[in-house]
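J.: My file is model09.cif. It has mmCIF, C-alpha atoms:
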data_query
#
loop_
_atom_site.label_atom_id
_atom_site.label_comp_id
_atom_site.auth_asym_id
_atom_site.auth_seq_id
_atom_site.Cartn_x
_atom_site.Cartn_y
_atom_site.Cartn_z
CA MET A 1 95.18 138.76 76.60
CA PRO A 2 95.35 135.39 78.41
CA ALA A 3 96.75 135.08 81.93
CA LEU A 4 100.49 134.39 82.29
CA ARG A 5 100.06 130.70 83.09
CA GLU A 6 97.73 130.23 80.12
CA ALA A 7 100.14 132.08 77.81
CA GLN A 8 103.02 129.90 78.99
CA THR A 9 100.95 126.80 78.25
CA TYR A 10 100.23 128.04 74.72
CA VAL A 11 103.94 128.71 74.10
CA ALA A 12 104.94 125.29 75.45
CA CYS A 13 102.41 123.61 73.17
CA ALA A 14 103.65 125.63 70.19
CA LEU A 15 107.25 124.60 70.86
CA ARG A 16 106.14 120.97 70.85
CA ASP A 17 103.38 121.00 68.20
CA GLY A 18 104.29 123.94 65.96
CA PRO A 19 103.10 127.55 65.53
CA MET A 20 99.54 126.52 64.64
CA ALA A 21 99.04 125.82 68.36
CA LEU A 22 99.36 129.56 69.08
CA PRO A 23 96.16 131.62 69.34
CA GLY A 24 96.27 134.64 67.03
CA ALA A 25 95.90 137.22 69.79
CA LEU A 26 98.80 136.01 71.90
CA PHE A 27 101.51 138.06 70.10
CA ALA A 28 101.51 141.39 68.32
CA GLY A 29 103.12 141.65 64.89
CA ASP A 30 103.01 139.68 61.65
CA ALA A 31 103.58 135.93 61.35
CA ARG A 32 107.26 136.33 60.40
CA ARG A 33 108.06 138.35 63.55
CA ILE A 34 106.17 135.87 65.71
CA LEU A 35 108.12 132.94 64.26
CA LEU A 36 111.42 134.75 64.85
CA ALA A 37 110.47 135.33 68.48
CA MET A 38 109.41 131.70 68.88
CA ALA A 39 112.69 130.50 67.33
CA ALA A 40 114.71 132.54 69.82
CA HIS A 41 112.56 131.26 72.67
CA ALA A 42 112.93 127.66 71.46
CA ASN A 43 116.73 127.98 71.27
CA THR A 44 116.86 129.34 74.82
CA ILE A 45 114.68 126.53 76.13
CA SER A 46 116.60 123.87 74.19
CA HIS A 47 119.88 125.14 75.63
CA GLY A 48 118.41 125.08 79.12
CA ARG A 49 117.28 121.49 78.67
CA LEU A 50 120.71 120.38 77.45
CA VAL A 51 122.41 122.10 80.40
CA ALA A 52 119.95 120.40 82.78
CA LEU A 53 120.91 117.01 81.33
CA GLU A 54 124.61 117.85 81.66
CA ASP A 55 124.10 118.79 85.31
CA SER A 56 122.00 115.67 85.99
CA PHE A 57 124.25 113.09 84.29
CA THR A 58 127.78 114.15 85.18
CA ALA A 59 129.18 110.61 85.50
CA THR A 60 127.53 109.53 82.24
CA ARG A 61 128.97 112.59 80.51
CA ARG A 62 132.44 111.77 81.83
CA ALA A 63 132.16 108.13 80.73
CA LEU A 64 130.92 108.97 77.24
CA GLY A 65 133.05 112.02 76.55
CA GLU A 66 131.76 115.49 75.73
CA ALA A 67 131.02 115.02 72.02
CA ALA A 68 129.19 111.68 72.30
CA PHE A 69 127.21 112.86 75.32
CA ASN A 70 126.08 116.03 73.54
CA GLN A 71 125.04 114.04 70.49
CA LEU A 72 122.94 111.64 72.58
CA THR A 73 121.32 114.32 74.74
CA ARG A 74 120.35 116.36 71.66
CA ALA A 75 118.77 113.27 70.14
CA TYR A 76 116.92 112.61 73.41
CA ILE A 77 115.52 116.16 73.46
CA GLU A 78 114.65 116.11 69.75
CA ALA A 79 112.72 112.89 70.34
CA GLY A 80 110.49 114.89 72.70
CA LEU A 81 111.45 112.90 75.78
CA GLY A 82 111.61 114.21 79.32
CA LEU A 83 109.43 117.22 78.53
CA ASP A 84 106.41 116.14 80.58
CA GLY A 85 107.66 117.29 83.97
CA GLN A 86 109.93 119.71 85.78
CA LEU A 87 113.32 120.67 84.37
CA ASN A 88 115.16 118.98 87.24
CA ASP A 89 113.56 115.65 86.22
CA ILE A 90 114.07 116.02 82.47
CA GLY A 91 116.31 112.95 82.41
CA HIS A 92 113.84 110.57 84.07
CA ALA A 93 113.60 108.51 80.86
CA PHE A 94 117.22 108.94 79.77
CA PRO A 95 118.66 105.62 81.08
CA ASP A 96 115.84 103.59 79.50
CA TRP A 97 116.23 105.57 76.27
CA LEU A 98 119.98 104.87 76.22
CA GLU A 99 119.23 101.17 76.64
CA ALA A 100 116.72 101.30 73.77
CA GLN A 101 119.38 102.98 71.60
CA GLY A 102 121.63 99.96 72.06
CA GLN A 103 124.09 101.55 74.48
CA GLY A 104 126.01 99.02 76.57
CA ALA A 105 124.80 97.79 79.96
CA ALA A 106 127.75 99.43 81.75
CA LEU A 107 126.88 102.88 80.40
CA VAL A 108 123.17 102.43 81.13
CA ALA A 109 124.09 101.49 84.71
CA ILE A 110 126.05 104.73 85.07
CA ALA A 111 123.05 106.71 83.81
CA ARG A 112 120.85 104.94 86.36
CA PHE A 113 123.41 105.83 89.03
CA ASP A 114 123.27 109.51 88.01
CA LEU A 115 119.47 109.49 88.06
CA ALA A 116 119.41 107.86 91.50
CA PHE A 117 121.83 110.51 92.79
CA LEU A 118 119.55 113.27 91.50
CA ARG A 119 116.45 111.65 92.95
CA ALA A 120 118.16 111.21 96.31
CA HIS A 121 118.73 114.96 96.34
CA HIS A 122 115.04 115.65 95.71
CA CYS A 123 113.67 112.80 97.82
CA ARG A 124 111.27 113.52 100.63
CA ASP A 125 112.87 113.97 104.04
CA ALA A 126 112.87 110.93 106.30
CA ALA A 127 114.64 110.14 109.55
CA ALA A 128 117.53 107.75 109.01
CA LEU A 129 118.23 105.07 111.61
CA THR A 130 121.31 105.84 113.70
CA LEU A 131 123.43 103.72 116.04
CA SER A 132 121.81 105.47 119.02
CA ASP A 133 118.42 104.17 117.84
CA LEU A 134 119.52 100.55 118.28
CA PRO A 135 118.17 99.13 121.58
CA ASP A 136 120.59 97.88 124.20
CA ASP A 137 118.25 95.01 125.06
CA ALA A 138 118.97 91.99 122.84
CA ASP A 139 115.32 90.94 122.45
CA ALA A 140 114.25 94.46 121.52
CA LEU A 141 117.10 94.70 119.03
CA MET A 142 116.17 91.42 117.34
CA ALA A 143 112.55 92.58 117.03
CA LEU A 144 113.50 95.97 115.57
CA PRO A 145 111.82 96.46 112.15
CA LEU A 146 114.19 97.68 109.44
CA ALA A 147 113.56 99.16 105.99
CA ARG A 148 115.50 100.97 103.30
CA HIS A 149 115.68 104.74 103.61
CA PRO A 150 113.70 106.27 100.70
CA ALA A 151 116.69 108.26 99.42
CA ALA A 152 119.08 105.31 99.44
CA SER A 153 120.04 103.05 96.54
CA ALA A 154 122.90 100.63 95.85
CA HIS A 155 124.68 100.23 92.52
CA ALA A 156 126.96 97.40 91.48
CA LEU A 157 130.53 98.60 91.30
CA THR A 158 132.26 98.29 87.93
CA PRO A 159 135.59 99.69 86.72
CA ILE A 160 133.83 102.09 84.34
CA LEU A 161 131.59 103.42 87.15
CA LEU A 162 134.63 103.88 89.39
CA ASP A 163 136.33 105.91 86.67
CA ALA A 164 133.20 107.93 86.00
CA ILE A 165 132.81 108.99 89.65
CA GLU A 166 136.56 109.32 90.11
CA GLN A 167 136.87 107.00 93.12
CA PRO A 168 139.69 104.57 92.20
CA ASP A 169 140.41 103.71 95.85
CA TRP A 170 137.07 101.88 96.06
CA SER A 171 138.13 99.03 93.78
CA GLY A 172 137.49 95.69 95.44
CA LYS A 173 134.18 96.81 96.94
CA ALA A 174 130.91 95.23 95.82
CA ALA A 175 128.70 98.29 95.32
CA ILE A 176 128.31 102.00 95.78
CA LEU A 177 125.58 103.25 98.07
CA ILE A 178 123.83 106.58 97.49
CA THR A 179 122.24 108.04 100.62
CA ARG A 180 120.81 111.29 101.87
CA PRO A 181 120.16 110.85 105.59
CA ASP A 182 120.05 114.63 106.12
CA VAL A 183 120.85 117.58 103.85
CA ALA A 184 123.64 116.30 101.60
CA VAL A 185 123.73 113.33 99.24
CA ARG A 186 126.60 111.00 100.09
CA LEU A 187 128.39 108.06 98.49
CA PHE A 188 129.65 105.03 100.40
CA PRO A 189 131.48 101.90 99.14
CA LEU A 190 129.84 98.68 100.32
CA GLY A 191 131.52 95.38 101.05
CA VAL A 192 129.98 92.10 99.90
CA ALA A 193 128.13 91.35 103.16
CA ALA A 194 126.67 94.87 103.41
CA HIS A 195 125.58 94.69 99.77
CA ASP A 196 123.90 91.35 100.45
CA ALA A 197 122.19 92.88 103.49
CA TRP A 198 120.89 95.64 101.24
CA GLY A 199 119.46 93.01 98.91
CA VAL A 200 117.62 91.31 101.78
CA LEU A 201 116.11 94.68 102.67
CA ALA A 202 114.24 94.88 99.36
CA GLU A 203 111.31 94.17 101.69
CA PRO A 204 111.15 95.36 105.33
CA VAL A 205 112.45 92.77 107.79
CA THR A 206 113.25 92.60 111.47
CA PHE A 207 116.84 92.75 112.69
CA ALA A 208 116.61 89.03 113.51
CA GLU A 209 115.33 88.14 110.03
CA LEU A 210 118.11 90.16 108.42
CA CYS A 211 120.71 88.35 110.52
CA ALA A 212 119.21 84.96 109.67
CA ASN A 213 119.25 85.69 105.94
CA LEU A 214 122.84 86.87 106.02
CA GLY A 215 123.82 83.82 108.08
CA VAL A 216 123.08 81.57 105.12
CA THR A 217 126.05 82.88 103.13
CA HIS A 218 128.23 84.78 105.63
CA ASP A 219 130.10 83.97 108.82
CA ASP A 220 128.50 85.17 112.04
CA ALA A 221 131.40 87.57 112.58
CA ALA A 222 130.54 89.44 109.37
CA ILE A 223 126.81 89.91 109.96
CA ILE A 224 126.62 92.67 112.58
CA PRO A 225 129.42 94.74 110.98
CA ALA A 226 127.56 94.58 107.65
CA ILE A 227 124.37 95.93 109.21
CA ILE A 228 126.31 98.59 111.10
CA GLU A 229 127.89 99.60 107.79
CA LEU A 230 124.42 100.39 106.40
CA VAL A 231 123.34 102.20 109.57
CA ARG A 232 126.44 104.40 109.62
CA ALA A 233 125.80 105.32 105.99
CA GLY A 234 122.26 106.46 106.78
CA ALA A 235 120.77 103.85 104.44
CA LEU A 236 118.11 102.46 106.80
CA GLN A 237 115.01 103.65 108.57
CA LEU A 238 112.66 102.07 111.07
CA GLY A 239 110.19 99.79 109.34
CA THR A 240 106.54 99.34 110.18
CA GLN A 241 105.88 97.37 113.32
CA PRO A 242 104.29 93.99 112.52
#
Can you dump the structure from the file as structure tokens?

T.:
Amino acid sequence: MPALREAQTYVACALRDGPMALPGALFAGDARRILLAMAAHANTISHGRLVALEDSFTATRRALGEAAFNQLTRAYIEAGLGLDGQLNDIGHAFPDWLEAQGQGAALVAIARFDLAFLRAHHCRDAAALTLSDLPDDADALMALPLARHPAASAHALTPILLDAIEQPDWSGKAAILITRPDVAVRLFPLGVAAHDAWGVLAEPVTFAELCANLGVTHDDAAIIPAIIELVRAGALQLGTQP
């Protein structure tokens, strides 16, 4: 009898490749009984995968509606996608797959939002920059290296995304920020200047460089509040010193 881990590997291969992948000594009983057991096991696993997708893509499910979402997730699973990792990451290819199926850009963006929310939850811990970390000395502040927090991501705000996450009061904002500066994942609406600041931070920059970039398109009075908006949300961390 193989060890538990080896037996689980055989069963997983059989669910993907068919019963011929099973070694003869793994189960007792005739072929018919073995296939019945495998069918029950496959149904249980398939249900678990569908529930995992439902839990991972709540906004996408709300935007699509129950019936359409179930139809798409079943097709995704039947195509053998998302089965190469842990259950909590089963939807890692789902947004790209939706795009390949010809789903609209707005829906694909919602799926990417859901995936980013999930990945923020599972992201490695990292210390977020806080207001108390900002130096009082002006020269030290301007030299401060800034970078995006690894759990943070920004998503362009559209009416369909607002409806899907049930935040109608955020209309008029430029983007929605996902962060996880500590234990819980949080959502923050971003104004135009803060969203532009986030774009500049695609690469680490100093505080002075960030201000200079924002100064090209925004009034001086809007620059510091935009950066503070990101700091308060827990979206930044200290970058690497040059």

J.: Using only C-alpha atoms, which of A:His218, A:Arg112, A:Arg148, A:Arg61 sits nearest Val205 (chain A)?

T.: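 Checking each candidate against Val205 (chain A), we get A:Arg148 as the closest.
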
J.: Can you pull out the residues contacting Lys173 (chain A)? Cut-off 8 Å, using only C-alpha atoms, and skip same-chain residues under 6 positions away; I want them as a list in words.

T.: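 Non-adjacent residues within range: Leu157, Pro189, Leu190, Gly191 and Val192 of chain A.
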
J.: So that I can see what lies close to Leu115 (chain A), please list as a PyMOL selection string the residues with an atom at most 8 Å from it, counting only C-alpha atoms and leaving out residues fewer than 5 positions away in the same chain.

T.: chain A and resi 56-57+91-92

J.: Please indicate the distance in Å from CA of Ala202 (chain A) to CA of Thr130 (chain A), rounded to one decimal place.

T.: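 CA of Ala202 (chain A) sits 19.4 Å away from CA of Thr130 (chain A).
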
J.: Between CA of Ser153 (chain A) and CA of Glu203 (chain A), measure the distance and give it in Å to one decimal.

T.: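 CA of Ser153 (chain A) sits 13.5 Å away from CA of Glu203 (chain A).
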
J.: Compile the contact shell of region 94-100 of chain A as a ChimeraX atom specification: residues with an atom at most 12 Å away, counting only C-alpha atoms, same-chain residues fewer than 4 positions apart removed.

T.: /A:53-54,56-57,60,64,69,71-77,79-83,89-90,104-116

J.: Could you tell me, as a compact mmCIF listing (two decimals) with C-alpha atoms, in the frame of the given file, which residues have any atom at most 12 Å from (132.8, 103.3, 89.3), counting all atoms listed in the file?

T.:
# COMPACT_ATOMS: atom_id res chain seq x y z
CA ALA A 59 129.18 110.61 85.50
CA THR A 60 127.53 109.53 82.24
CA ARG A 62 132.44 111.77 81.83
CA ALA A 63 132.16 108.13 80.73
CA ALA A 106 127.75 99.43 81.75
CA LEU A 107 126.88 102.88 80.40
CA ALA A 109 124.09 101.49 84.71
CA ILE A 110 126.05 104.73 85.07
CA ALA A 111 123.05 106.71 83.81
CA PHE A 113 123.41 105.83 89.03
CA ASP A 114 123.27 109.51 88.01
CA HIS A 155 124.68 100.23 92.52
CA ALA A 156 126.96 97.40 91.48
CA LEU A 157 130.53 98.60 91.30
CA THR A 158 132.26 98.29 87.93
CA PRO A 159 135.59 99.69 86.72
CA ILE A 160 133.83 102.09 84.34
CA LEU A 161 131.59 103.42 87.15
CA LEU A 162 134.63 103.88 89.39
CA ASP A 163 136.33 105.91 86.67
CA ALA A 164 133.20 107.93 86.00
CA ILE A 165 132.81 108.99 89.65
CA GLU A 166 136.56 109.32 90.11
CA GLN A 167 136.87 107.00 93.12
CA PRO A 168 139.69 104.57 92.20
CA ASP A 169 140.41 103.71 95.85
CA TRP A 170 137.07 101.88 96.06
CA SER A 171 138.13 99.03 93.78
CA GLY A 172 137.49 95.69 95.44
CA LYS A 173 134.18 96.81 96.94
CA ALA A 174 130.91 95.23 95.82
CA ALA A 175 128.70 98.29 95.32
CA ILE A 176 128.31 102.00 95.78
CA LEU A 177 125.58 103.25 98.07
CA LEU A 187 128.39 108.06 98.49
CA PHE A 188 129.65 105.03 100.40
CA PRO A 189 131.48 101.90 99.14
